[in-house]
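Trainee: Handing over query03.txt, compact mmCIF, C-alpha atoms.
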```txt
# COMPACT_ATOMS: atom_id res chain seq x y z
CA MET A 1211 25.41 14.81 34.65
CA SER A 1212 22.99 16.22 32.17
CA LYS A 1213 20.90 17.73 34.91
CA LYS A 1214 23.50 20.42 34.48
CA VAL A 1215 22.06 21.18 31.05
CA LEU A 1216 18.71 22.09 32.51
CA ASP A 1217 20.39 24.20 35.18
CA LEU A 1218 22.34 26.08 32.55
CA LEU A 1219 19.21 26.67 30.51
CA GLN A 1220 17.28 27.99 33.48
CA GLU A 1221 20.15 30.16 34.53
CA LYS A 1222 20.38 31.70 31.05
CA PHE A 1223 16.73 32.03 30.05
CA GLY A 1224 14.84 32.04 33.32
CA ALA A 1225 11.18 32.68 32.66
CA ALA A 1226 11.34 31.48 29.06
CA ILE A 1227 11.80 27.96 30.40
CA LEU A 1228 8.24 27.11 31.32
CA ALA A 1229 8.85 23.72 32.85
CA THR A 1230 11.54 21.10 33.19
CA HIS A 1231 11.67 17.53 34.25
CA ALA A 1232 14.23 14.79 34.28
CA GLN A 1233 13.47 11.11 34.32
CA PHE A 1234 15.63 8.06 33.70
CA GLY A 1235 18.43 10.26 32.50
CA ASP A 1236 16.33 12.07 29.94
CA ASP A 1237 15.92 15.78 30.44
CA THR A 1238 13.04 17.78 29.08
CA ALA A 1239 12.60 21.52 28.94
CA VAL A 1240 9.40 23.22 27.85
CA ILE A 1241 10.29 26.45 26.18
CA GLU A 1242 8.30 29.56 25.48
CA PRO A 1243 7.79 29.63 21.67
CA GLY A 1244 9.31 33.08 21.23
CA SER A 1245 12.64 31.86 22.61
CA TRP A 1246 12.69 28.67 20.54
CA ARG A 1247 15.52 29.60 18.23
CA ALA A 1248 17.46 31.51 20.85
CA VAL A 1249 17.47 28.47 23.10
CA ALA A 1250 18.53 26.29 20.19
CA LEU A 1251 21.41 28.60 19.35
CA PHE A 1252 22.50 28.66 22.96
CA LEU A 1253 22.37 24.88 23.15
CA ARG A 1254 24.49 24.58 20.06
CA ASP A 1255 27.04 27.31 20.70
CA ASP A 1256 27.65 27.27 24.41
CA PRO A 1257 30.92 25.39 25.01
CA ARG A 1258 29.51 23.72 28.13
CA LEU A 1259 26.56 22.30 26.16
CA GLY A 1260 27.80 21.65 22.63
CA MET A 1261 24.59 20.14 21.25
CA ASN A 1262 26.01 19.57 17.81
CA MET A 1263 23.77 16.74 16.71
CA PHE A 1264 20.17 17.31 15.74
CA THR A 1265 18.38 13.99 16.31
CA ASP A 1266 14.69 14.43 15.77
CA LEU A 1267 11.86 16.87 15.47
CA CYS A 1268 8.18 16.15 15.42
CA GLY A 1269 4.79 17.58 16.26
CA VAL A 1270 2.15 16.39 18.68
CA ASP A 1271 -1.55 17.19 18.52
CA TYR A 1272 -3.26 17.41 21.92
CA LEU A 1273 -6.76 17.96 20.60
CA ASN A 1274 -9.27 18.04 23.47
CA GLN A 1275 -6.61 16.94 25.90
CA ARG A 1276 -5.64 20.36 27.15
CA GLY A 1277 -7.62 23.20 28.61
CA GLU A 1278 -9.45 25.76 26.54
CA ASP A 1279 -6.73 28.36 26.69
CA GLU A 1280 -3.83 25.98 26.43
CA PRO A 1281 -2.03 25.65 23.10
CA ARG A 1282 -3.15 22.65 21.11
CA PHE A 1283 0.10 21.58 19.48
CA GLU A 1284 3.53 20.75 20.74
CA VAL A 1285 6.78 20.67 18.83
CA VAL A 1286 9.30 18.24 20.24
CA CYS A 1287 12.97 18.34 19.37
CA HIS A 1288 15.70 15.95 20.46
CA LEU A 1289 19.31 17.03 20.60
CA ARG A 1290 22.54 15.34 21.46
CA SER A 1291 26.09 16.38 22.12
CA LEU A 1292 28.59 14.08 20.54
CA GLN A 1293 31.35 15.68 22.55
CA TYR A 1294 29.82 15.34 26.02
CA ALA A 1295 27.48 12.45 25.21
CA HIS A 1296 24.52 14.11 26.82
CA ARG A 1297 21.18 14.86 25.30
CA ILE A 1298 18.10 16.97 25.85
CA ARG A 1299 14.53 17.10 24.69
CA ILE A 1300 13.07 20.55 24.16
CA LYS A 1301 9.38 21.19 23.63
CA SER A 1302 7.30 24.17 22.80
CA ARG A 1303 3.53 24.55 22.92
CA ILE A 1304 1.87 26.47 20.13
CA GLY A 1305 -1.38 26.91 18.28
CA ASP A 1306 -5.01 27.58 19.00
CA ALA A 1307 -7.90 25.14 19.11
CA GLU A 1308 -8.79 25.62 15.44
CA GLY A 1309 -5.24 24.94 14.37
CA GLU A 1310 -5.23 27.58 11.66
CA THR A 1311 -2.13 29.56 12.50
CA VAL A 1312 0.36 27.24 14.10
CA GLU A 1313 3.74 28.85 13.78
CA ILE A 1314 7.15 28.53 15.32
CA ASP A 1315 10.65 29.57 14.36
CA SER A 1316 12.52 27.22 12.10
CA LEU A 1317 15.62 25.50 13.38
CA VAL A 1318 17.20 25.11 9.94
CA PRO A 1319 19.44 28.17 10.47
CA VAL A 1320 20.74 26.41 13.59
CA TRP A 1321 21.00 22.81 12.36
CA LYS A 1322 20.75 22.04 8.66
CA GLY A 1323 19.50 18.57 9.50
CA ALA A 1324 16.23 20.04 10.69
CA ASP A 1325 15.21 20.73 7.09
CA TRP A 1326 13.34 17.56 6.19
CA PHE A 1327 12.07 17.03 9.74
CA GLU A 1328 10.37 20.41 9.66
CA ARG A 1329 9.00 19.72 6.20
CA GLU A 1330 7.56 16.45 7.45
CA THR A 1331 6.00 18.13 10.47
CA PHE A 1332 4.61 20.83 8.21
CA ASP A 1333 3.25 18.21 5.84
CA LEU A 1334 1.60 15.89 8.33
CA MET A 1335 0.81 18.23 11.22
CA GLY A 1336 0.29 21.54 9.51
CA ILE A 1337 2.80 23.41 11.64
CA THR A 1338 4.46 26.32 9.85
CA PHE A 1339 8.12 26.94 10.51
CA LYS A 1340 9.02 30.57 10.04
CA GLY A 1341 12.32 31.06 8.31
CA HIS A 1342 12.47 27.62 6.72
CA PRO A 1343 14.17 27.94 3.31
CA ASP A 1344 11.98 25.45 1.43
CA LEU A 1345 8.82 24.71 3.33
CA ARG A 1346 6.65 22.43 1.20
CA ARG A 1347 5.16 18.97 1.47
CA ILE A 1348 7.65 16.13 1.59
CA LEU A 1349 5.56 12.95 1.89
CA MET A 1350 2.11 13.80 0.60
CA TYR A 1351 1.43 15.13 -2.85
CA PRO A 1352 0.98 18.88 -3.39
CA GLU A 1353 -2.72 18.45 -4.19
CA PHE A 1354 -3.37 17.06 -0.73
CA LYS A 1355 -5.60 19.22 1.46
CA GLY A 1356 -5.15 19.35 5.18
CA ALA A 1357 -2.77 17.73 7.61
CA PRO A 1358 -3.42 14.00 7.87
CA LEU A 1359 -1.87 13.36 11.28
CA ARG A 1360 -3.96 15.95 13.05
CA LYS A 1361 -6.49 14.37 15.34
CA ASP A 1362 -9.38 16.04 13.57
CA TYR A 1363 -8.46 14.65 10.17
CA PRO A 1364 -10.99 11.89 9.39
CA ALA A 1365 -9.25 8.55 9.72
CA SER A 1366 -10.74 7.07 6.57
CA LYS A 1367 -10.57 10.14 4.36
CA THR A 1368 -8.55 9.66 1.20
CA GLN A 1369 -7.84 12.19 -1.50
CA PRO A 1370 -7.25 10.25 -4.70
CA LEU A 1371 -5.22 11.88 -7.42
CA ILE A 1372 -7.09 10.13 -10.21
CA PRO A 1373 -10.74 9.14 -10.27
CA TYR A 1374 -11.51 5.61 -9.30
CA ARG A 1375 -12.78 3.15 -11.86
CA GLU A 1376 -16.48 2.81 -12.36
CA GLY A 1377 -18.32 -0.42 -12.93
CA THR A 1378 -17.70 -3.50 -10.89
CA LEU A 1379 -16.41 -1.47 -8.01
CA ASP A 1380 -18.69 -1.21 -5.01
CA LYS A 1381 -20.80 -3.91 -6.50
CA LEU A 1382 -22.43 -5.88 -3.81
CA PHE A 1383 -23.14 -9.52 -3.52
CA PRO A 1384 -24.62 -11.47 -5.28
CA PHE A 1385 -22.75 -11.37 -8.52
CA GLY A 1386 -24.14 -12.75 -11.72
CA PRO A 1387 -22.89 -16.08 -12.98
CA ASP A 1388 -20.88 -14.46 -15.76
CA GLU A 1389 -19.32 -11.75 -13.63
CA GLY A 1390 -15.78 -12.04 -12.52
CA MET A 1391 -13.75 -15.11 -12.10
CA ALA A 1392 -14.98 -17.83 -9.84
CA PHE A 1393 -12.74 -19.38 -7.26
CA GLY A 1394 -10.97 -22.50 -8.27
CA ARG A 1395 -10.05 -23.73 -11.66
CA GLN A 1396 -12.55 -23.61 -14.45
CA THR A 1397 -11.89 -25.35 -17.63
CA HIS A 1398 -13.82 -24.26 -20.57
CA ASP A 1399 -15.94 -26.84 -22.26
CA TYR A 1400 -15.95 -25.80 -25.87
CA ARG A 1401 -18.56 -28.36 -26.77
CA ASN A 1402 -21.13 -26.32 -24.89
CA ASP A 1403 -20.26 -23.32 -27.00
CA ARG A 1404 -21.09 -25.17 -30.13
CA GLY A 1405 -24.27 -26.61 -28.73
CA GLU A 1406 -22.94 -30.12 -28.69
CA SER A 1407 -23.52 -32.40 -25.78
CA MET B 204 4.94 -28.64 -23.70
CA GLY B 205 1.60 -27.80 -22.32
CA ASP B 206 -1.53 -29.66 -23.02
CA LEU B 207 -3.80 -28.14 -25.61
CA SER B 208 -6.81 -30.06 -24.47
CA ASN B 209 -8.58 -29.06 -21.33
CA GLY B 210 -8.89 -31.06 -18.18
CA ARG B 211 -12.48 -32.09 -18.53
CA GLY B 212 -11.99 -33.85 -21.79
CA GLY B 213 -12.77 -30.77 -23.80
CA SER B 214 -12.48 -31.06 -27.50
CA SER B 215 -10.35 -28.12 -28.47
CA VAL B 216 -7.91 -30.69 -29.85
CA HIS B 217 -8.82 -33.47 -32.21
CA VAL B 218 -6.05 -35.97 -32.61
CA ILE B 219 -6.35 -37.24 -36.16
CA GLN B 220 -3.46 -39.62 -36.20
CA PRO B 221 -1.69 -40.41 -32.94
CA GLY B 222 1.94 -41.21 -32.69
CA ASP B 223 5.17 -39.48 -33.54
CA SER B 224 4.20 -38.69 -37.07
CA GLY B 225 0.62 -37.85 -36.29
CA PHE B 226 -1.15 -34.54 -36.34
CA ALA B 227 -4.00 -32.90 -34.58
CA THR B 228 -6.42 -30.14 -35.34
CA THR B 229 -7.43 -27.35 -33.04
CA ARG B 230 -9.11 -24.03 -33.18
CA VAL B 231 -7.10 -20.92 -33.88
CA ASP B 232 -8.20 -19.07 -30.75
CA ALA B 233 -7.46 -22.08 -28.59
CA LEU B 234 -4.01 -22.29 -30.13
CA LEU B 235 -3.41 -18.59 -29.65
CA ASN B 236 -4.59 -18.71 -26.07
CA TRP B 237 -2.33 -21.67 -25.45
CA ALA B 238 0.59 -19.70 -26.85
CA LYS B 239 -0.22 -16.61 -24.77
CA LYS B 240 -0.60 -18.72 -21.67
CA TYR B 241 2.96 -20.02 -21.80
CA SER B 242 4.72 -16.87 -22.94
CA LEU B 243 3.87 -14.30 -20.31
CA PHE B 244 6.42 -11.53 -20.35
CA GLN B 245 6.14 -9.85 -17.02
CA TYR B 246 6.56 -6.33 -15.77
CA PRO B 247 7.29 -6.39 -12.04
CA TYR B 248 5.86 -3.26 -10.40
CA VAL B 249 7.51 -3.93 -7.09
CA THR B 250 7.00 -1.44 -4.29
CA ALA B 251 7.17 -3.13 -0.93
CA CYS B 252 8.14 -6.14 1.15
CA CYS B 253 6.29 -8.59 -1.13
CA ALA B 254 9.30 -8.10 -3.37
CA MET B 255 11.17 -10.66 -1.26
CA GLU B 256 8.59 -13.28 -2.17
CA PHE B 257 8.70 -12.14 -5.76
CA MET B 258 12.45 -12.71 -5.78
CA ALA B 259 11.90 -16.15 -4.32
CA MET B 260 9.38 -16.82 -7.04
CA ALA B 261 11.72 -15.76 -9.78
CA SER B 262 14.75 -17.59 -8.42
CA PRO B 263 15.45 -21.28 -8.95
CA ARG B 264 13.85 -22.70 -5.81
CA PHE B 265 10.33 -21.90 -6.96
CA ASP B 266 11.23 -21.01 -10.50
CA MET B 267 8.50 -19.16 -12.32
CA ALA B 268 10.23 -20.05 -15.56
CA ARG B 269 8.56 -23.45 -15.36
CA PHE B 270 5.31 -21.76 -16.31
CA GLY B 271 6.65 -19.70 -19.15
CA ALA B 272 6.61 -16.52 -17.10
CA GLU B 273 10.31 -16.18 -17.12
CA ALA B 274 11.65 -12.99 -18.57
CA PRO B 275 11.00 -9.78 -16.68
CA ARG B 276 10.71 -6.84 -19.03
CA PHE B 277 11.46 -3.49 -17.52
CA SER B 278 9.53 -1.71 -20.18
CA PRO B 279 5.75 -1.94 -20.03
CA ARG B 280 5.61 -1.85 -23.80
CA GLN B 281 7.18 -5.30 -23.98
CA ALA B 282 5.19 -6.89 -21.19
CA ASP B 283 2.00 -8.94 -21.07
CA LEU B 284 1.60 -9.45 -17.37
CA LEU B 285 1.78 -6.66 -14.79
CA TRP B 286 2.74 -7.90 -11.35
CA VAL B 287 1.71 -5.34 -8.78
CA VAL B 288 3.85 -6.43 -5.86
CA GLY B 289 3.28 -4.41 -2.74
CA THR B 290 1.49 -1.39 -1.36
CA ILE B 291 0.34 1.25 -3.79
CA SER B 292 0.02 4.70 -2.30
CA GLN B 293 -2.36 7.33 -3.54
CA ARG B 294 0.61 9.22 -4.82
CA GLN B 295 1.73 6.24 -6.91
CA ALA B 296 -1.68 5.42 -8.35
CA PRO B 297 -1.34 7.69 -11.42
CA ALA B 298 2.03 6.14 -12.23
CA LEU B 299 0.59 2.65 -11.96
CA LYS B 300 -2.28 3.56 -14.22
CA ARG B 301 0.09 5.06 -16.75
CA ILE B 302 2.23 1.94 -16.74
CA TYR B 303 -0.86 -0.17 -17.31
CA GLU B 304 -1.97 2.02 -20.18
CA GLN B 305 1.43 1.75 -21.80
CA MET B 306 1.23 -2.01 -21.98
CA ALA B 307 0.10 -3.46 -25.28
CA ASP B 308 -2.89 -5.73 -25.54
CA PRO B 309 -3.39 -8.48 -24.62
CA LYS B 310 -2.39 -7.69 -21.06
CA TRP B 311 -3.12 -9.07 -17.65
CA VAL B 312 -2.68 -7.84 -14.11
CA LEU B 313 -1.90 -9.88 -11.04
CA ALA B 314 -2.29 -8.33 -7.60
CA PHE B 315 0.46 -9.84 -5.49
CA GLY B 316 -0.34 -9.80 -1.81
CA THR B 317 -2.96 -8.27 0.41
CA CYS B 318 -1.90 -4.65 -0.05
CA ALA B 319 -2.18 -4.74 -3.81
CA SER B 320 -5.45 -6.64 -3.59
CA CYS B 321 -7.33 -4.48 -1.10
CA GLY B 322 -4.93 -2.18 0.71
CA GLY B 323 -4.44 -4.61 3.55
CA PHE B 324 -4.29 -3.05 6.97
CA TYR B 325 -3.30 0.30 5.52
CA ASP B 326 -6.79 1.69 5.86
CA ASN B 327 -5.68 5.29 5.91
CA TYR B 328 -5.17 8.52 4.03
CA THR B 329 -2.15 7.46 2.08
CA THR B 330 -2.82 4.02 0.66
CA LEU B 331 -4.84 2.98 -2.34
CA ALA B 332 -7.30 0.36 -1.14
CA GLY B 333 -6.60 -2.15 -3.86
CA ILE B 334 -5.24 -1.64 -7.34
CA ASP B 335 -8.62 -2.49 -8.84
CA LYS B 336 -9.68 1.01 -7.88
CA VAL B 337 -7.42 2.22 -10.68
CA ILE B 338 -6.76 -0.59 -13.13
CA PRO B 339 -8.63 -3.79 -13.90
CA CYS B 340 -7.14 -6.73 -12.11
CA ASP B 341 -7.32 -10.36 -13.18
CA VAL B 342 -6.03 -12.41 -10.30
CA TYR B 343 -5.70 -11.54 -6.62
CA VAL B 344 -3.19 -13.46 -4.54
CA PRO B 345 -3.83 -12.96 -0.82
CA GLY B 346 -1.17 -13.19 1.82
CA CYS B 347 1.14 -10.87 3.68
CA PRO B 348 3.28 -11.76 1.87
CA PRO B 349 1.84 -14.73 -0.02
CA ARG B 350 3.67 -18.00 0.04
CA PRO B 351 5.32 -18.81 -3.27
CA GLU B 352 2.92 -21.72 -3.59
CA ALA B 353 0.03 -19.27 -3.45
CA VAL B 354 1.65 -17.15 -6.13
CA ILE B 355 2.16 -20.17 -8.33
CA ASP B 356 -1.48 -21.01 -7.79
CA GLY B 357 -2.44 -17.50 -8.82
CA LEU B 358 -0.28 -17.76 -11.90
CA LEU B 359 -1.91 -21.05 -12.83
CA LEU B 360 -5.32 -19.48 -12.31
CA LEU B 361 -4.30 -16.73 -14.66
CA GLN B 362 -3.09 -19.23 -17.25
CA ASP B 363 -6.37 -21.03 -16.92
CA LYS B 364 -8.17 -17.78 -17.46
CA ILE B 365 -6.09 -17.00 -20.53
CA ALA B 366 -6.77 -20.45 -21.93
CA ARG B 367 -10.49 -19.85 -21.53
CA GLY B 368 -10.26 -16.59 -23.40
CA ASP B 369 -11.85 -14.94 -20.39
CA ARG B 370 -11.23 -11.18 -20.33
CA THR B 371 -13.53 -10.17 -17.50
CA PRO B 372 -11.77 -8.52 -14.59
CA GLY B 373 -11.55 -10.55 -11.47
CA ILE B 374 -13.98 -9.88 -8.66
CA VAL B 375 -13.19 -10.97 -5.17
CA LYS B 376 -16.36 -12.69 -4.20
CA PRO B 377 -17.32 -12.81 -0.55
CA ARG B 378 -16.33 -16.00 1.13
CA THR B 379 -19.74 -16.94 2.46
CA ASP B 380 -20.47 -20.59 2.30
CA PRO B 381 -24.16 -21.40 2.42
CA LEU B 382 -25.08 -23.51 5.37
CA VAL B 383 -27.75 -26.11 4.83
CA MET B 384 -29.16 -28.25 7.57
CA GLY B 385 -28.75 -31.93 6.92
CA PRO B 386 -31.10 -34.64 8.09
CA ASP B 387 -29.27 -35.17 11.38
CA GLY B 388 -29.14 -31.51 12.26
CA ILE B 389 -25.65 -31.33 10.80
CA GLU B 390 -24.83 -28.27 8.80
CA LEU B 391 -23.96 -29.27 5.28
CA VAL B 392 -22.20 -27.06 2.82
CA GLN B 393 -23.62 -27.03 -0.65
CA ILE B 394 -20.93 -26.43 -3.15
CA GLY B 395 -21.74 -24.63 -6.31
CA LYS B 396 -25.06 -23.23 -5.18
CA LYS B 397 -25.53 -19.52 -4.79
CA PRO B 398 -25.90 -18.54 -1.17
CA VAL B 399 -29.06 -16.77 -0.11
CA LEU B 400 -28.64 -13.47 1.63
CA ASP B 401 -30.45 -12.53 4.78
CA GLY B 402 -34.06 -11.95 3.97
CA GLY B 403 -34.01 -14.48 1.22
CA SER B 404 -33.89 -11.95 -1.62
CA GLU B 405 -31.96 -13.61 -4.34
CA ALA B 406 -31.22 -11.93 -7.61
```
Using the file provided, produce a representation of the structure as structure tokens.
Mentor:
Amino acid sequence: MSKKVLDLLQEKFGAAILATHAQFGDDTAVIEPGSWRAVALFLRDDPRLGMNMFTDLCGVDYLNQRGEDEPRFEVVCHLRSLQYAHRIRIKSRIGDAEGETVEIDSLVPVWKGADWFERETFDLMGITFKGHPDLRRILMYPEFKGAPLRKDYPASKTQPLIPYREGTLDKLFPFGPDEGMAFGRQTHDYRNDRGES
Amino acid sequence: MGDLSNGRGGSSVHVIQPGDSGFATTRVDALLNWAKKYSLFQYPYVTACCAMEFMAMASPRFDMARFGAEAPRFSPRQADLLWVVGTISQRQAPALKRIYEQMADPKWVLAFGTCASCGGFYDNYTTLAGIDKVIPCDVYVPGCPPRPEAVIDGLLLLQDKIARGDRTPGIVKPRTDPLVMGPDGIELVQIGKKPVLDGGSEA
């Protein structure tokens, strides 16, 4: 049934649909980035499609998994029609190998629900959505540098907001006898304090 | 009523005249520590799934009130004991530090669960790897989440620490038991002796 959706898309946009495939009832269309919002508007407004529910949007980083000239990132969006009970996944491939200018049109003018999804993708993947009304970090703090879910972000790199404590931190074994609290219960013998036996 | 004397026959209490009408002498700091030990007002800083165990601890089945740690105070200015229950993210670390600084002395901190103790398996960009990076911590209770018995054990450890007048922050010592070869080629474990590192350099 929803193979029809892909047919309609290809009939309308032709060359802007770079690839399609359908598997297990899930249809995917890879869209040329320039037609991203036009395709979304068509999917929403065409009475035969009626994709009125925005389900999900995320980014994928294909660092070193694609060819040199291929775009590094992919934006994936899932849509559903509550009226016809069919759904579609649309993708678009963007970005260069350095990942400095990764831009695509925002879908917030089409579906308001895309707002926080695009902010999350911007926050964690560093993908800029042109036309988003309020594009700022949503999960990480504003002082955070970089996009932590990119494959070239160091896995163990943290960016603390306040300096860590000095002193016993990073202290290596062995500890002195008076440092820290030993395992198990200790009960103070006050007689030893006073020098009594 | 708790026992003012310590378990090893310590002499912080001298019973002058036993019986109902009797009296005993003790030292002021021992008395104060005893009072602090059984009147811990707690501030639950609860952020994650360990909260379920914290609720179990506070409710009648395990009943923290038995140990004097009964009343949760939702203002740090009225609390003695800060329970850090759950994962602390980097974004939350300044708030946690501020809460700790708002508490009045004397104050103690208990790290409830693996995440609060060391970050747990969240070894990533967003999680603080243990609250001791930000605030001094007295007792670490491991577990994901810890059993209520483990939490009670941690609370008793803390009470023991308070009774000793010990204010040093807790350090999680490495769990390396020294292996010593016995006469029959059996590895014996020497308890209470400092293990020797590789290379034999002992401080």
Trainee: For Val1286 in chain A, list every protein, DNA or RNA residue within 7 Å, evaluated using all atoms listed in the file, and leave out those in the same chain fewer than 2 positions away; present the list as a list in words.
Mentor: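 Final neighbour list, sorted by chain and number: Leu1267, Cys1268, Gly1269, Glu1284, His1288, Arg1299, Ile1300, Lys1301 and Ser1302 of chain A.
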Trainee: Using only C-alpha atoms, find the one residue out of B:Arg276, B:Thr329, B:Arg350, B:Pro345 that sits nearest to Leu1359 in chain A.
Mentor: B:Thr329
Trainee: Step by step, gather every atom of range 317-330 of chain B that the file lists, find the box along x, y and z that holds them, add 6 Å on each side, and finally give centre and edge lengths in Å to one decimal, as JSON.
Mentor:
```
{"center_x": -4.6, "center_y": 0.1, "center_z": 1.6, "size_x": 17.4, "size_y": 28.8, "size_z": 22.8}
```
Trainee: For Asp1237 in chain A, which of A:Glu1280, A:Val1215, A:Phe1354, A:Phe1327 is the closest residue, counting only C-alpha atoms?
Mentor: A:Val1215
Trainee: Tell me, as a PyMOL selection string, which residues lie within 10 Å of Ala1324 in chain A, counting all atoms listed in the file; anything in the same chain fewer than 3 positions away does not count.
Mentor: chain A and resi 1264-1267+1287+1316-1321+1327-1330+1342
Trainee: Pick the closest to Ile1348 in chain A from A:Leu1251, A:Ile1304, A:Ala1239, A:Leu1334: which is it, counting all atoms listed in the file?
Mentor: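 Looking only at the distances to Ile1348 in chain A, the closest residue turns out to be A:Leu1334.
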Trainee: Please indicate the distance in Å from CA of Val288 in chain B to CA of Met306 in chain B, rounded to one decimal place.
Mentor: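 CA of Val288 in chain B sits 16.9 Å away from CA of Met306 in chain B.
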Trainee: Between CA of Lys1361 in chain A and CA of Ile1227 in chain A, measure the distance and give it in Å to one decimal.
Mentor: 27.3 Å
Trainee: Give me, please, the distance in Å between CA of Met255 in chain B and CA of Lys239 in chain B, quoted to one decimal.
Mentor: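 Separation between CA of Met255 in chain B and CA of Lys239 in chain B: 26.8 Å.
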Trainee: Pick the closest to chain A from B:Gln220, B:Thr317, B:Thr330, B:Ser242: which is it, counting only C-alpha atoms?
Mentor: B:Thr330
Trainee: Just checking: using all atoms listed in the file, which residue out of B:Ala307, B:Ala296, B:Leu358, B:Ile291 ends up closest to Glu273 in chain B?
Mentor: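 Answer, going by the shortest atom-to-atom distance: B:Leu358.
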Trainee: Using only C-alpha atoms, which residue out of A:Lys1355, A:Arg1375, A:Lys1214, A:Arg1258 lies closest to Gln1293 in chain A?
Mentor: A:Arg1258
Trainee: So which residues touch Pro275 in chain B within 8 Å, counting all atoms listed in the file, skipping near sequence neighbours fewer than 4 positions away, as a list in words?
Mentor: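 Within the cut-off, the hits are Phe244, Gln245, Tyr246, Pro247 and Ala282 of chain B.
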Trainee: Hey, what's within 7 Å of Pro1281 in chain A if we count all atoms listed in the file and toss same-chain stuff fewer than 2 positions away? As number ranges by chain, please?
Mentor: A: 1279, 1283, 1303-1306
Trainee: Got a moment to write range 238-250 of chain B out with C-alpha atoms, as a short mmCIF file (atom, residue, chain, number, x, y, z; two decimals), in the first residue's frame?
Mentor:
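Written out: part20.cif:
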```
data_model
loop_
_atom_site.label_atom_id
_atom_site.label_comp_id
_atom_site.auth_asym_id
_atom_site.auth_seq_id
_atom_site.Cartn_x
_atom_site.Cartn_y
_atom_site.Cartn_z
CA ALA B 238 24.04 13.18 69.55
CA LYS B 239 25.01 14.05 65.97
CA LYS B 240 25.15 10.40 65.05
CA TYR B 241 21.51 9.77 65.92
CA SER B 242 20.01 13.00 64.65
CA LEU B 243 20.96 13.11 60.99
CA PHE B 244 18.62 15.39 59.12
CA GLN B 245 18.93 14.42 55.53
CA TYR B 246 18.72 16.25 52.26
CA PRO B 247 17.88 13.79 49.48
CA TYR B 248 19.48 14.94 46.22
CA VAL B 249 17.70 12.36 44.13
CA THR B 250 18.30 12.33 40.40
#
```
